[in-house]
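Student: Structure file data_24.txt, compact mmCIF, C-alpha atoms (C1' of nucleotides), is pasted below:
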# COMPACT_ATOMS: atom_id res chain seq x y z
CA MET A 1 -54.94 -241.68 23.78
CA ARG A 2 -56.38 -245.10 23.99
CA THR A 3 -55.39 -248.14 26.02
CA LYS A 4 -54.41 -251.42 24.38
CA GLU A 5 -57.09 -254.10 24.36
CA PHE A 6 -54.63 -256.89 25.01
CA ASP A 7 -51.89 -257.52 27.54
CA PRO A 8 -48.58 -257.12 25.71
CA ASP A 9 -46.83 -259.18 28.37
CA ALA A 10 -49.16 -262.12 27.94
CA ALA A 11 -48.91 -261.80 24.17
CA LEU A 12 -45.13 -261.87 24.32
CA GLN A 13 -45.28 -264.93 26.52
CA ALA A 14 -47.52 -266.66 23.98
CA ALA A 15 -45.12 -265.73 21.17
CA LEU A 16 -42.28 -267.10 23.26
CA GLU A 17 -44.04 -270.44 23.61
CA LEU A 18 -44.61 -270.72 19.88
CA PHE A 19 -41.04 -269.76 18.93
CA TRP A 20 -39.74 -272.09 21.62
CA GLU A 21 -41.74 -274.99 20.25
CA ARG A 22 -41.17 -274.49 16.54
CA GLY A 23 -38.08 -272.34 16.19
CA TYR A 24 -37.69 -269.10 14.29
CA GLU A 25 -38.01 -270.01 10.62
CA ALA A 26 -40.81 -272.53 11.08
CA THR A 27 -43.01 -270.00 12.89
CA SER A 28 -44.92 -267.63 10.61
CA MET A 29 -46.42 -264.29 11.51
CA ALA A 30 -49.80 -265.79 10.59
CA ASP A 31 -49.24 -268.54 13.19
CA LEU A 32 -48.45 -265.87 15.76
CA VAL A 33 -51.49 -263.74 14.93
CA GLU A 34 -53.69 -266.78 15.36
CA ARG A 35 -52.07 -267.90 18.60
CA LEU A 36 -51.89 -264.48 20.23
CA ASN A 37 -55.43 -263.67 19.21
CA ILE A 38 -54.59 -260.11 18.28
CA GLY A 39 -54.67 -258.18 15.02
CA ARG A 40 -51.78 -258.37 12.63
CA ALA A 41 -51.17 -254.63 12.73
CA SER A 42 -51.26 -254.59 16.54
CA LEU A 43 -48.54 -257.22 16.55
CA TYR A 44 -46.30 -255.10 14.33
CA ALA A 45 -47.12 -251.88 16.16
CA THR A 46 -46.29 -253.41 19.53
CA PHE A 47 -43.26 -255.57 18.82
CA GLY A 48 -41.81 -254.47 15.48
CA ASN A 49 -40.97 -257.04 12.86
CA LYS A 50 -40.60 -260.79 13.18
CA HIS A 51 -36.96 -260.71 14.19
CA ASP A 52 -37.57 -258.00 16.79
CA LEU A 53 -40.36 -260.09 18.25
CA TYR A 54 -38.15 -263.17 18.35
CA MET A 55 -35.40 -261.30 20.15
CA LYS A 56 -37.86 -259.96 22.70
CA ALA A 57 -39.20 -263.46 23.25
CA LEU A 58 -35.70 -264.87 23.63
CA GLU A 59 -34.72 -262.15 26.08
CA ARG A 60 -37.88 -262.78 28.06
CA TYR A 61 -37.05 -266.48 28.18
CA ARG A 62 -33.58 -265.73 29.50
CA GLU A 63 -34.82 -263.28 32.13
CA ASN A 64 -37.85 -265.16 33.36
CA ARG A 65 -36.43 -268.61 33.92
CA ASN A 66 -37.54 -269.81 37.27
CA PRO A 67 -35.42 -270.46 39.12
CA ALA A 68 -32.66 -268.57 37.34
CA PRO A 69 -29.45 -270.63 37.24
CA ILE A 70 -27.55 -267.71 38.74
CA ASP A 71 -29.99 -267.62 41.66
CA ILE A 72 -29.52 -271.29 42.39
CA LEU A 73 -25.78 -270.70 42.50
CA SER A 74 -26.03 -267.83 44.94
CA ARG A 75 -28.24 -269.58 47.45
CA PRO A 76 -27.03 -269.57 51.05
CA GLY A 77 -25.19 -272.63 52.26
CA PRO A 78 -22.15 -274.48 50.93
CA ALA A 79 -21.31 -273.42 47.37
CA LEU A 80 -20.72 -276.98 46.22
CA THR A 81 -24.24 -277.89 47.32
CA SER A 82 -25.56 -275.09 45.13
CA VAL A 83 -23.58 -276.29 42.12
CA ARG A 84 -24.86 -279.83 42.61
CA ALA A 85 -28.38 -278.47 42.97
CA LEU A 86 -28.00 -276.63 39.68
CA VAL A 87 -26.95 -279.76 37.82
CA GLU A 88 -29.75 -281.72 39.45
CA PHE A 89 -32.25 -279.05 38.53
CA TYR A 90 -31.17 -279.05 34.88
CA ALA A 91 -31.34 -282.83 34.80
CA ALA A 92 -34.76 -282.98 36.43
CA ASP A 93 -35.99 -280.31 34.06
CA ALA A 94 -34.67 -282.17 31.04
CA ILE A 95 -36.27 -285.41 32.22
CA ALA A 96 -39.59 -283.71 32.96
CA ASP A 97 -39.68 -282.02 29.52
CA SER A 98 -42.46 -284.22 28.18
CA ARG A 99 -43.19 -281.90 25.27
CA ARG A 100 -39.49 -282.09 24.33
CA ARG A 101 -39.14 -278.43 23.61
CA GLY A 102 -35.64 -278.47 25.04
CA CYS A 103 -34.11 -275.15 26.04
CA MET A 104 -35.04 -272.17 23.91
CA ILE A 105 -31.50 -270.84 24.09
CA VAL A 106 -30.03 -274.13 22.94
CA ASN A 107 -32.56 -274.25 20.12
CA ALA A 108 -31.71 -270.69 19.16
CA ALA A 109 -27.99 -271.45 19.22
CA ALA A 110 -28.35 -274.41 16.89
CA GLU A 111 -30.69 -272.67 14.48
CA MET A 112 -29.34 -269.11 14.33
CA LEU A 113 -25.63 -269.27 15.14
CA PRO A 114 -23.33 -268.04 13.84
CA ALA A 115 -25.26 -266.12 11.17
CA ASP A 116 -27.52 -264.03 13.41
CA ALA A 117 -25.50 -261.36 15.19
CA ALA A 118 -28.12 -260.37 17.76
CA VAL A 119 -28.78 -263.96 18.79
CA SER A 120 -25.03 -264.57 18.92
CA ARG A 121 -24.56 -261.70 21.32
CA LEU A 122 -27.35 -262.82 23.60
CA ILE A 123 -26.11 -266.38 23.76
CA ASP A 124 -22.47 -265.46 24.22
CA THR A 125 -23.47 -263.22 27.10
CA ASN A 126 -25.66 -265.88 28.61
CA TRP A 127 -23.07 -268.62 28.45
CA ALA A 128 -20.30 -266.34 29.68
CA ALA A 129 -22.48 -265.35 32.65
CA LEU A 130 -23.23 -268.98 33.50
CA GLU A 131 -19.59 -269.94 33.17
CA GLY A 132 -18.64 -267.01 35.38
CA ALA A 133 -21.20 -267.81 38.05
CA LEU A 134 -20.17 -271.45 38.06
CA THR A 135 -16.52 -270.48 38.32
CA SER A 136 -17.01 -268.23 41.30
CA ALA A 137 -19.24 -270.76 43.02
CA LEU A 138 -16.58 -273.41 42.55
CA ILE A 139 -13.90 -271.06 43.84
CA ARG A 140 -16.05 -270.52 46.92
CA ALA A 141 -16.48 -274.28 47.23
CA ALA A 142 -12.72 -274.71 47.12
CA GLY A 143 -12.37 -272.09 49.82
CA GLU A 144 -14.90 -273.98 51.92
CA GLY A 145 -12.79 -277.10 51.55
CA ASP A 146 -15.45 -278.98 49.58
CA LEU A 147 -13.42 -279.26 46.41
CA PRO A 148 -10.20 -281.27 46.20
CA ALA A 149 -7.30 -278.83 45.98
CA ASP A 150 -6.04 -280.19 42.68
CA ARG A 151 -9.24 -279.27 40.81
CA ASP A 152 -9.30 -276.24 38.53
CA PRO A 153 -12.55 -274.34 39.27
CA ARG A 154 -12.67 -272.55 35.95
CA ALA A 155 -12.05 -275.68 33.92
CA LEU A 156 -14.71 -277.46 35.95
CA ALA A 157 -17.12 -274.59 35.33
CA ARG A 158 -16.47 -274.78 31.60
CA PHE A 159 -17.05 -278.47 31.70
CA LEU A 160 -20.37 -278.04 33.48
CA LEU A 161 -21.47 -275.34 31.05
CA VAL A 162 -20.87 -277.66 28.10
CA PHE A 163 -22.40 -280.66 29.82
CA LEU A 164 -25.57 -278.80 30.78
CA GLN A 165 -26.13 -277.64 27.21
CA GLY A 166 -25.66 -281.25 26.12
CA LEU A 167 -28.31 -282.36 28.60
CA ARG A 168 -30.79 -279.88 27.24
CA LEU A 169 -30.08 -280.85 23.68
CA VAL A 170 -30.26 -284.60 24.15
CA SER A 171 -33.55 -284.22 26.00
CA LYS A 172 -35.14 -283.30 22.67
CA GLY A 173 -34.52 -286.84 21.48
CA SER A 174 -36.27 -289.95 22.68
CA ALA A 175 -37.27 -289.27 26.26
CA ASP A 176 -34.89 -291.73 27.87
CA ALA A 177 -34.95 -290.65 31.51
CA ALA A 178 -32.35 -293.23 32.53
CA ARG A 179 -29.87 -291.88 30.00
CA LEU A 180 -30.14 -288.33 31.31
CA ARG A 181 -30.13 -289.42 34.93
CA ASP A 182 -27.01 -291.56 34.46
CA ALA A 183 -25.26 -288.80 32.57
CA ALA A 184 -26.01 -286.26 35.27
CA SER A 185 -24.92 -288.55 38.08
CA GLN A 186 -21.59 -289.14 36.36
CA ALA A 187 -21.09 -285.43 35.85
CA LEU A 188 -21.86 -284.86 39.52
CA SER A 189 -19.29 -287.45 40.53
CA LEU A 190 -16.65 -285.15 39.05
CA LEU A 191 -17.49 -282.64 41.77
CA GLY A 192 -16.14 -285.03 44.40
CA MET B 1 -31.75 -293.58 -22.04
CA ARG B 2 -29.61 -290.60 -21.44
CA THR B 3 -26.82 -290.11 -18.94
CA LYS B 4 -27.06 -287.43 -16.28
CA GLU B 5 -25.03 -284.34 -16.97
CA PHE B 6 -24.15 -283.91 -13.31
CA ASP B 7 -22.73 -286.14 -10.61
CA PRO B 8 -25.58 -286.90 -8.19
CA ASP B 9 -23.11 -287.73 -5.48
CA ALA B 10 -21.35 -284.38 -5.75
CA ALA B 11 -24.71 -282.62 -5.91
CA LEU B 12 -25.88 -284.36 -2.74
CA GLN B 13 -22.65 -283.36 -1.03
CA ALA B 14 -23.23 -279.73 -2.03
CA ALA B 15 -26.80 -279.90 -0.72
CA LEU B 16 -25.46 -281.37 2.50
CA GLU B 17 -23.09 -278.45 2.94
CA LEU B 18 -25.86 -275.91 2.43
CA PHE B 19 -28.31 -277.64 4.79
CA TRP B 20 -25.52 -278.08 7.31
CA GLU B 21 -24.67 -274.41 7.21
CA ARG B 22 -28.16 -272.95 7.20
CA GLY B 23 -30.48 -275.61 8.55
CA TYR B 24 -33.60 -277.00 6.94
CA GLU B 25 -36.12 -274.16 7.00
CA ALA B 26 -33.67 -271.42 6.12
CA THR B 27 -32.51 -273.24 2.99
CA SER B 28 -34.80 -272.80 -0.02
CA MET B 29 -35.00 -274.96 -3.09
CA ALA B 30 -33.96 -271.88 -5.08
CA ASP B 31 -30.80 -271.65 -2.96
CA LEU B 32 -30.08 -275.30 -3.68
CA VAL B 33 -30.70 -274.98 -7.40
CA GLU B 34 -28.24 -272.12 -7.52
CA ARG B 35 -25.61 -273.86 -5.41
CA LEU B 36 -25.81 -277.25 -7.09
CA ASN B 37 -25.81 -275.66 -10.51
CA ILE B 38 -28.44 -278.01 -11.87
CA GLY B 39 -31.98 -277.49 -13.11
CA ARG B 40 -34.83 -277.32 -10.67
CA ALA B 41 -36.67 -280.27 -12.22
CA SER B 42 -33.48 -282.36 -12.26
CA LEU B 43 -33.20 -281.78 -8.54
CA TYR B 44 -36.73 -283.03 -7.94
CA ALA B 45 -36.34 -285.94 -10.37
CA THR B 46 -33.15 -287.10 -8.67
CA PHE B 47 -33.84 -286.55 -4.99
CA GLY B 48 -37.59 -286.13 -4.57
CA ASN B 49 -38.95 -283.23 -2.57
CA LYS B 50 -37.15 -280.94 -0.16
CA HIS B 51 -37.62 -283.17 2.86
CA ASP B 52 -36.43 -286.25 0.96
CA LEU B 53 -33.34 -284.36 -0.09
CA TYR B 54 -32.69 -283.23 3.45
CA MET B 55 -32.97 -286.77 4.78
CA LYS B 56 -30.58 -288.03 2.11
CA ALA B 57 -28.12 -285.29 3.01
CA LEU B 58 -28.42 -286.07 6.70
CA GLU B 59 -27.92 -289.77 6.10
CA ARG B 60 -24.91 -289.02 3.95
CA TYR B 61 -23.48 -286.88 6.73
CA ARG B 62 -23.93 -289.67 9.24
CA GLU B 63 -22.41 -292.31 6.98
CA ASN B 64 -19.49 -290.34 5.61
CA ARG B 65 -18.02 -288.90 8.76
CA ASN B 66 -14.35 -289.47 8.73
CA PRO B 67 -13.27 -290.99 10.94
CA ALA B 68 -16.56 -292.52 12.06
CA PRO B 69 -16.88 -292.44 15.86
CA ILE B 70 -17.60 -296.14 15.88
CA ASP B 71 -14.37 -296.79 13.98
CA ILE B 72 -12.33 -294.83 16.47
CA LEU B 73 -13.82 -296.95 19.24
CA SER B 74 -12.99 -300.22 17.56
CA ARG B 75 -9.36 -299.44 16.86
CA PRO B 76 -6.82 -302.00 18.08
CA GLY B 77 -5.13 -301.34 21.39
CA PRO B 78 -6.50 -300.62 24.85
CA ALA B 79 -10.21 -299.74 24.75
CA LEU B 80 -9.81 -296.86 27.17
CA THR B 81 -7.26 -295.29 24.84
CA SER B 82 -9.82 -295.43 22.04
CA VAL B 83 -12.47 -293.79 24.17
CA ARG B 84 -10.07 -291.01 25.12
CA ALA B 85 -9.12 -290.61 21.49
CA LEU B 86 -12.77 -290.23 20.57
CA VAL B 87 -13.31 -287.44 23.09
CA GLU B 88 -10.13 -285.75 21.98
CA PHE B 89 -11.16 -286.01 18.36
CA TYR B 90 -14.56 -284.44 19.03
CA ALA B 91 -12.90 -281.66 21.01
CA ALA B 92 -10.28 -280.96 18.36
CA ASP B 93 -12.97 -280.98 15.72
CA ALA B 94 -15.12 -278.54 17.68
CA ILE B 95 -12.16 -276.23 18.24
CA ALA B 96 -11.12 -276.38 14.58
CA ASP B 97 -14.66 -275.60 13.38
CA SER B 98 -13.81 -272.07 12.26
CA ARG B 99 -16.98 -271.74 10.18
CA ARG B 100 -18.97 -272.71 13.28
CA ARG B 101 -21.30 -275.04 11.48
CA GLY B 102 -21.33 -277.34 14.46
CA CYS B 103 -22.49 -280.91 13.91
CA MET B 104 -25.23 -281.40 11.36
CA ILE B 105 -26.92 -284.00 13.54
CA VAL B 106 -26.94 -281.70 16.55
CA ASN B 107 -28.33 -278.91 14.39
CA ALA B 108 -30.99 -281.25 13.03
CA ALA B 109 -31.92 -282.39 16.53
CA ALA B 110 -32.41 -278.86 17.77
CA GLU B 111 -34.34 -277.70 14.73
CA MET B 112 -36.49 -280.70 13.82
CA LEU B 113 -37.07 -282.67 17.02
CA PRO B 114 -39.51 -283.81 18.18
CA ALA B 115 -41.87 -282.82 15.35
CA ASP B 116 -40.12 -284.56 12.46
CA ALA B 117 -40.53 -288.32 12.71
CA ALA B 118 -37.91 -289.30 10.12
CA VAL B 119 -35.25 -287.06 11.66
CA SER B 120 -36.22 -288.36 15.10
CA ARG B 121 -35.66 -291.93 13.99
CA LEU B 122 -32.28 -291.18 12.44
CA ILE B 123 -31.05 -289.33 15.49
CA ASP B 124 -32.37 -291.84 18.00
CA THR B 125 -30.61 -294.57 16.07
CA ASN B 126 -27.42 -292.58 15.85
CA TRP B 127 -27.28 -291.71 19.52
CA ALA B 128 -28.24 -295.22 20.58
CA ALA B 129 -25.46 -296.61 18.41
CA LEU B 130 -22.91 -294.22 19.87
CA GLU B 131 -24.06 -294.96 23.40
CA GLY B 132 -23.86 -298.67 22.67
CA ALA B 133 -20.40 -298.48 21.15
CA LEU B 134 -19.15 -296.39 24.05
CA THR B 135 -20.66 -298.81 26.53
CA SER B 136 -19.03 -301.86 25.04
CA ALA B 137 -15.70 -300.06 24.71
CA LEU B 138 -15.86 -299.12 28.38
CA ILE B 139 -16.79 -302.66 29.35
CA ARG B 140 -13.74 -303.82 27.44
CA ALA B 141 -11.68 -301.16 29.22
CA ALA B 142 -12.91 -302.45 32.57
CA GLY B 143 -11.94 -305.98 31.54
CA GLU B 144 -8.50 -304.70 30.63
CA GLY B 145 -8.18 -303.24 34.11
CA ASP B 146 -8.06 -299.64 32.87
CA LEU B 147 -11.29 -298.55 34.49
CA PRO B 148 -11.72 -298.44 38.29
CA ALA B 149 -14.01 -301.29 39.28
CA ASP B 150 -16.59 -299.01 40.89
CA ARG B 151 -17.39 -297.23 37.66
CA ASP B 152 -20.57 -298.05 35.75
CA PRO B 153 -19.62 -298.36 32.06
CA ARG B 154 -23.10 -297.71 30.74
CA ALA B 155 -23.62 -294.63 32.89
CA LEU B 156 -20.22 -293.38 31.82
CA ALA B 157 -21.13 -293.98 28.17
CA ARG B 158 -24.35 -292.05 28.59
CA PHE B 159 -22.44 -289.25 30.21
CA LEU B 160 -19.98 -289.09 27.33
CA LEU B 161 -22.79 -289.15 24.76
CA VAL B 162 -24.42 -286.13 26.38
CA PHE B 163 -21.15 -284.31 26.90
CA LEU B 164 -20.04 -284.77 23.30
CA GLN B 165 -23.29 -283.33 21.97
CA GLY B 166 -22.80 -280.39 24.33
CA LEU B 167 -19.33 -279.83 22.91
CA ARG B 168 -20.64 -279.72 19.39
CA LEU B 169 -23.41 -277.35 20.31
CA VAL B 170 -21.31 -274.91 22.28
CA SER B 171 -18.79 -274.76 19.47
CA LYS B 172 -21.37 -272.85 17.45
CA GLY B 173 -21.02 -269.96 19.88
CA SER B 174 -18.04 -267.69 20.26
CA ALA B 175 -15.03 -269.75 19.25
CA ASP B 176 -13.46 -269.97 22.69
CA ALA B 177 -10.92 -272.74 22.25
CA ALA B 178 -9.87 -272.67 25.89
CA ARG B 179 -13.44 -273.27 27.04
CA LEU B 180 -13.81 -276.37 24.89
CA ARG B 181 -10.34 -277.65 25.73
CA ASP B 182 -10.91 -277.25 29.48
CA ALA B 183 -14.30 -278.88 29.26
CA ALA B 184 -12.92 -281.86 27.37
CA SER B 185 -9.98 -282.30 29.71
CA GLN B 186 -12.32 -282.38 32.70
CA ALA B 187 -14.54 -284.92 31.01
CA LEU B 188 -11.49 -287.05 30.26
CA SER B 189 -10.45 -286.94 33.90
CA LEU B 190 -13.61 -288.86 34.69
CA LEU B 191 -12.17 -291.80 32.75
CA GLY B 192 -9.44 -292.22 35.36
C1' DA C 1 -29.84 -293.73 -39.21
C1' DT C 2 -33.70 -294.06 -36.25
C1' DG C 3 -36.77 -294.83 -32.58
C1' DT C 4 -37.00 -294.74 -27.59
C1' DT C 5 -36.48 -293.12 -23.24
C1' DA C 6 -34.65 -290.29 -19.71
C1' DT C 7 -32.82 -285.67 -18.65
C1' DT C 8 -32.77 -280.83 -19.11
C1' DT C 9 -34.70 -276.38 -19.50
C1' DG C 10 -37.31 -272.54 -18.17
C1' DA C 11 -41.70 -271.11 -17.69
C1' DC C 12 -45.42 -271.76 -14.72
C1' DC C 13 -48.72 -272.96 -10.74
C1' DG C 14 -51.13 -271.91 -6.48
C1' DT C 15 -49.97 -270.95 -1.87
C1' DC C 16 -47.85 -268.79 1.80
C1' DC C 17 -44.62 -265.33 3.32
C1' DA C 18 -43.57 -260.79 5.98
C1' DT C 19 -45.13 -256.41 5.87
C1' DT C 20 -48.13 -252.27 4.95
C1' DC C 21 -52.34 -249.87 4.13
C1' DT C 22 -57.00 -248.50 4.70
C1' DA C 23 -61.02 -247.85 7.16
C1' DG C 24 -63.55 -247.82 11.12
C1' DA C 25 -63.90 -248.18 16.26
C1' DT C 26 -62.92 -246.38 20.79
C1' DA C 27 -61.20 -244.17 24.77
C1' DG C 28 -59.02 -240.25 27.00
C1' DA C 29 -58.17 -234.96 26.79
C1' DG C 30 -60.35 -230.56 26.66
C1' DC D 1 -69.74 -234.03 24.55
C1' DT D 2 -66.68 -233.32 20.95
C1' DC D 3 -62.29 -234.04 19.12
C1' DT D 4 -58.53 -236.60 17.89
C1' DA D 5 -54.96 -239.77 18.72
C1' DT D 6 -54.35 -244.40 18.80
C1' DC D 7 -56.27 -248.53 18.69
C1' DT D 8 -58.47 -252.56 15.92
C1' DA D 9 -59.65 -255.81 11.97
C1' DG D 10 -58.89 -257.32 7.66
C1' DA D 11 -57.88 -256.62 2.88
C1' DA D 12 -54.09 -255.82 -0.08
C1' DT D 13 -49.15 -256.00 -1.57
C1' DG D 14 -45.31 -257.89 -3.96
C1' DG D 15 -42.20 -261.26 -3.54
C1' DA D 16 -40.58 -265.96 -2.29
C1' DC D 17 -41.89 -270.44 -1.46
C1' DG D 18 -42.21 -275.69 -2.79
C1' DG D 19 -43.52 -278.17 -6.54
C1' DT D 20 -45.00 -279.35 -11.58
C1' DC D 21 -45.18 -279.37 -16.67
C1' DA D 22 -44.46 -279.60 -21.69
C1' DA D 23 -41.28 -279.05 -24.93
C1' DA D 24 -36.52 -279.51 -26.37
C1' DT D 25 -32.51 -282.37 -26.17
C1' DA D 26 -29.22 -286.03 -25.91
C1' DA D 27 -27.56 -290.74 -25.33
C1' DC D 28 -28.41 -295.46 -25.78
C1' DA D 29 -30.27 -299.93 -28.33
C1' DT D 30 -31.39 -301.51 -32.56
Would it be possible to restate this file's structure as structure tokens?
Tutor:
Amino acid sequence: MRTKEFDPDAALQAALELFWERGYEATSMADLVERLNIGRASLYATFGNKHDLYMKALERYRENRNPAPIDILSRPGPALTSVRALVEFYAADAIADSRRRGCMIVNAAAEMLPADAAVSRLIDTNWAALEGALTSALIRAAGEGDLPADRDPRALARFLLVFLQGLRLVSKGSADAARLRDAASQALSLLG
Amino acid sequence: MRTKEFDPDAALQAALELFWERGYEATSMADLVERLNIGRASLYATFGNKHDLYMKALERYRENRNPAPIDILSRPGPALTSVRALVEFYAADAIADSRRRGCMIVNAAAEMLPADAAVSRLIDTNWAALEGALTSALIRAAGEGDLPADRDPRALARFLLVFLQGLRLVSKGSADAARLRDAASQALSLLG
DNA sequence: ATGTTATTTGACCGTCCATTCTAGATAGAG
DNA sequence: CTCTATCTAGAATGGACGGTCAAATAACAT
């Protein structure tokens, strides 16, 4: 046996950054070899082919987001406060995204859907999970009396899911902080 | 002189469809030559290089949308009705998008921004125009007494801009009509 | 008819692509 | 300390890429 000379975790993180910035097609294996500073063959031996590597990077992105949206939603305290915090976090993140990389999942959705089955699965799962977490948080909020009784928690959750993806997409355009801030504050006003 | 043997307008439309479906990087000139059914050199002579062709396709997409969002907003009748019609049109369009191509401008934003300057310009202009048209429509609506006085028309316009892009992005995922319909109906409820 | 000019055709260019192979280095097992 | 499995670096592979070219061709003006 022999131990690897590089840290596969750090290498995957570096690949993630490059894919995130440039997308799948525009990133070549040569780019990755240069950026990760490891041999070409080591890259293939460790992560498989280009698509395998991309999927691993995308999965890592989904798992390692900090804080994870689901975690924000399950924080102690009033559920509605958590939902508002989530929207505010997404907005702040979009505004602070000075390199305008946007969200890697949004980028992946636009570039690879619907043709790429593996990416489709990952994104469907991700969005369904977010919609589900938002729905149950809003149901809790209704139970806590923080949501007007005539509001449909699931419809509201779906609305927020769509709006948040919009935020992350628009943030790739001209960095107009006021636009994103205004948009988020209007969306929040729907939560009463 | 000699007349062209193909219709450049039809060819550009075919190129548009291919770029729309696959994105910029994933579409090769060979793919285009095959699809447009014209010679390689004719393609270059008529439209310039790949990036030129893409820009022309993207501009054509923006100009030829039917109905144009701006036109919906300037229809006769109450301004708020026009705004609601616009949101409903985007939602219906997203739901009816069975091939899940999404919106070519959204796809371009996710794939090419912020690195591509020409695409950036086109999209900034497009979004600014939509935001502007929405803002003035909502100001009109306020003047017509259809918008509660405490609502900020520009913030509302920004919100709708972001939400509509979210709609078009999410529609590339699993075609869940109920999700998009619920999201749109919640957004509409913000318009009073 | 004929000259002129633009378009078409299909071969062609050099470069870059993802992937594999070969050869040599190195660390753990015995 | 040797052996050998697995690592590394880098050359090599064949194909695809964006882009160009010269010759053949076809429509116009004259």
Student: At what distance in Å, to one decimal, does CA of Ala141 in chain A lie from CA of Pro153 in chain A?
Tutor: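 So the answer is 8.9 Å.
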Student: Give me, as a PyMOL selection string, the contact residues of chain A against chain C at a cut-off of 12 Å, counting only C-alpha atoms (C1' of nucleotides).
Tutor: chain A and resi 1-5+25-31+40-41+43-45+48-51
Student: Could the residues of chain D within 9 Å of chain B, counting all atoms listed in the file, be given as a PyMOL selection string, please?
Tutor: chain D and resi 17-20+26-28
Student: For a test of reading the model, state the distance in Å between CA of Pro148 in chain A and CA of Ser185 in chain B, rounded to one decimal.
Tutor: 16.5 Å
Student: For chain B, work out the contacting residues on chain A at 8 Å, counting only C-alpha atoms, and write them as a PDB file with C-alpha atoms, in the frame of the given file.
Tutor:
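See part-v8.pdb below for the written result:
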ATOM      1  CA  ARG A  22     -41.170-274.490  16.540  1.00  0.00           C
ATOM      2  CA  GLY A  23     -38.080-272.340  16.190  1.00  0.00           C
ATOM      3  CA  GLU A  25     -38.010-270.010  10.620  1.00  0.00           C
ATOM      4  CA  ALA A  26     -40.810-272.530  11.080  1.00  0.00           C
ATOM      5  CA  ARG A 100     -39.490-282.090  24.330  1.00  0.00           C
ATOM      6  CA  ARG A 101     -39.140-278.430  23.610  1.00  0.00           C
ATOM      7  CA  GLY A 102     -35.640-278.470  25.040  1.00  0.00           C
ATOM      8  CA  VAL A 106     -30.030-274.130  22.940  1.00  0.00           C
ATOM      9  CA  ASN A 107     -32.560-274.250  20.120  1.00  0.00           C
ATOM     10  CA  ALA A 109     -27.990-271.450  19.220  1.00  0.00           C
ATOM     11  CA  ALA A 110     -28.350-274.410  16.890  1.00  0.00           C
ATOM     12  CA  GLU A 111     -30.690-272.670  14.480  1.00  0.00           C
ATOM     13  CA  LEU A 113     -25.630-269.270  15.140  1.00  0.00           C
ATOM     14  CA  PRO A 114     -23.330-268.040  13.840  1.00  0.00           C
ATOM     15  CA  SER A 120     -25.030-264.570  18.920  1.00  0.00           C
ATOM     16  CA  ILE A 123     -26.110-266.380  23.760  1.00  0.00           C
ATOM     17  CA  ASP A 124     -22.470-265.460  24.220  1.00  0.00           C
ATOM     18  CA  ALA A 155     -12.050-275.680  33.920  1.00  0.00           C
ATOM     19  CA  LEU A 156     -14.710-277.460  35.950  1.00  0.00           C
ATOM     20  CA  ALA A 157     -17.120-274.590  35.330  1.00  0.00           C
ATOM     21  CA  ARG A 158     -16.470-274.780  31.600  1.00  0.00           C
ATOM     22  CA  PHE A 159     -17.050-278.470  31.700  1.00  0.00           C
ATOM     23  CA  LEU A 160     -20.370-278.040  33.480  1.00  0.00           C
ATOM     24  CA  VAL A 162     -20.870-277.660  28.100  1.00  0.00           C
ATOM     25  CA  PHE A 163     -22.400-280.660  29.820  1.00  0.00           C
ATOM     26  CA  LEU A 164     -25.570-278.800  30.780  1.00  0.00           C
ATOM     27  CA  GLN A 165     -26.130-277.640  27.210  1.00  0.00           C
ATOM     28  CA  GLY A 166     -25.660-281.250  26.120  1.00  0.00           C
ATOM     29  CA  LEU A 167     -28.310-282.360  28.600  1.00  0.00           C
ATOM     30  CA  LEU A 169     -30.080-280.850  23.680  1.00  0.00           C
ATOM     31  CA  VAL A 170     -30.260-284.600  24.150  1.00  0.00           C
ATOM     32  CA  LYS A 172     -35.140-283.300  22.670  1.00  0.00           C
ATOM     33  CA  GLY A 173     -34.520-286.840  21.480  1.00  0.00           C
ATOM     34  CA  SER A 174     -36.270-289.950  22.680  1.00  0.00           C
ATOM     35  CA  ARG A 179     -29.870-291.880  30.000  1.00  0.00           C
ATOM     36  CA  LEU A 180     -30.140-288.330  31.310  1.00  0.00           C
ATOM     37  CA  ASP A 182     -27.010-291.560  34.460  1.00  0.00           C
ATOM     38  CA  ALA A 183     -25.260-288.800  32.570  1.00  0.00           C
ATOM     39  CA  ALA A 184     -26.010-286.260  35.270  1.00  0.00           C
ATOM     40  CA  GLN A 186     -21.590-289.140  36.360  1.00  0.00           C
ATOM     41  CA  ALA A 187     -21.090-285.430  35.850  1.00  0.00           C
ATOM     42  CA  LEU A 190     -16.650-285.150  39.050  1.00  0.00           C
TER      43      LEU A 190
END
Student: To one decimal place in Å, what is the distance between CA of Ser74 in chain B and CA of Ile139 in chain B?
Tutor: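 Between these atoms lies a distance of 12.6 Å.
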Student: Need to verify the contact set: range 77-88 of chain A, 7 Å, all atoms listed in the file, exclusion of same-chain residues closer than 6 positions in sequence. Can you return it as JSON, numbers by chain?
Tutor: {"A": [69, 137, 138, 140, 141, 146, 188]}
Student: Quick one: axis-aligned box around all listed atoms of range 120-138 of chain A, 4 Å on every side, centre and edge lengths in Å to one decimal, written as JSON.
Tutor:
{"center_x": -21.9, "center_y": -267.6, "center_z": 31.0, "size_x": 18.8, "size_y": 19.7, "size_z": 32.1}
